[in-house]
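Q: Can you read through this structure? Questions will come right after.
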Amino acid sequence: MLSKADKKLLRKNAQALRPIVQVGKDGIGENMIRSLNNALEARELVKCTLLKTSPVGSREAAIECAGRTHSEIIQIIGHTFVLYRRSDKNIMGLKK
């Protein structure tokens, strides 16, 4: 679990990020989870968006993606959500 201060710092850092993963008409599949896992390992902080054709809502998608990738939801705004998972490289410098 992240502290409130850590989440605040991550939300601040996420503002400058461009969305890497998009949830489209196929929903959340294995390929999307695999690419999300790779992105989380490389960057730790990943912004995802939902397309208009997505069959799931942003809150549902964020919860499912966080559960399947063992990450934490940092923020959900509109059709965008941000996930964080500490990698071995510890790019963000957050403590355990």
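Chains: A, B, ... in order of the structure tokens. Residues: from 1 per chain. Ligands: from 1, in order shown.
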Would you list the contacts of Phe81 in chain A as a ChimeraX atom specification, taking every protein, DNA or RNA residue within 7 Å and counting only C-alpha atoms, but skipping same-chain residues closer than 5 positions in sequence?

A: /A:47-49,62,75-76

Q: Would you kindly return, as a ChimeraX atom specification, each protein, DNA or RNA residue with an atom no farther than 10 Å from any atom of Ile20 in chain A, considering only C-alpha atoms and excluding same-chain residues fewer than 2 positions away?

A: /A:17-18,22,35-36,39,46-49

Q: Hey, can you check how far CA of Gly27 in chain A sits from CA of Tyr84 in chain A?

A: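 These atoms are spaced 20.4 Å apart.
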
Q: Within 9 Å of Glu41 in chain A, counting only C-alpha atoms, which residues show up once you throw out same-chain ones fewer than 2 positions away? Write them as a ChimeraX atom specification, please.

A: /A:36-39,43-45,85-89

Q: Using only N, CA, C and O atoms, please write the residues we just selected to a file, as a CSV table (one decimal), in the first residue's frame.

A:
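The resulting file, out_22.csv, is reproduced below:
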```
chain,number,residue,atom,x,y,z
A,36,LEU,N,0.5,-4.3,-20.8
A,36,LEU,CA,0.4,-3.4,-19.6
A,36,LEU,C,1.5,-3.9,-18.6
A,36,LEU,O,2.1,-3.0,-17.9
A,37,ASN,N,1.6,-5.2,-18.4
A,37,ASN,CA,2.7,-5.7,-17.5
A,37,ASN,C,4.1,-5.2,-18.0
A,37,ASN,O,4.9,-4.8,-17.1
A,38,ASN,N,4.3,-5.3,-19.3
A,38,ASN,CA,5.6,-4.9,-19.8
A,38,ASN,C,5.8,-3.4,-19.5
A,38,ASN,O,6.9,-2.9,-19.2
A,39,ALA,N,4.8,-2.6,-19.7
A,39,ALA,CA,4.9,-1.1,-19.5
A,39,ALA,C,5.1,-0.8,-18.1
A,39,ALA,O,5.9,0.1,-17.7
A,43,ARG,N,8.3,1.2,-16.8
A,43,ARG,CA,8.1,2.6,-16.4
A,43,ARG,C,7.5,2.8,-15.0
A,43,ARG,O,7.5,3.9,-14.5
A,44,GLU,N,7.0,1.8,-14.4
A,44,GLU,CA,6.3,1.8,-13.1
A,44,GLU,C,5.0,2.5,-13.1
A,44,GLU,O,4.0,2.1,-12.4
A,45,LEU,N,4.9,3.6,-13.7
A,45,LEU,CA,3.6,4.5,-13.8
A,45,LEU,C,3.1,4.5,-15.2
A,45,LEU,O,3.8,4.9,-16.1
A,85,ARG,N,3.0,0.2,-10.3
A,85,ARG,CA,3.6,-1.0,-9.7
A,85,ARG,C,5.1,-0.9,-9.6
A,85,ARG,O,5.8,-0.6,-10.6
A,86,ARG,N,5.6,-1.0,-8.5
A,86,ARG,CA,7.1,-0.9,-8.3
A,86,ARG,C,7.8,-2.0,-9.0
A,86,ARG,O,7.5,-3.2,-8.8
A,87,SER,N,8.8,-1.6,-9.8
A,87,SER,CA,9.6,-2.6,-10.5
A,87,SER,C,10.9,-2.8,-9.8
A,87,SER,O,11.2,-2.1,-8.8
A,88,ASP,N,11.7,-3.7,-10.3
A,88,ASP,CA,13.0,-4.0,-9.6
A,88,ASP,C,13.9,-2.9,-9.7
A,88,ASP,O,14.8,-2.7,-8.9
A,89,LYS,N,13.8,-2.1,-10.8
A,89,LYS,CA,14.6,-0.9,-11.0
A,89,LYS,C,14.3,0.3,-10.1
A,89,LYS,O,15.1,1.1,-9.8
```
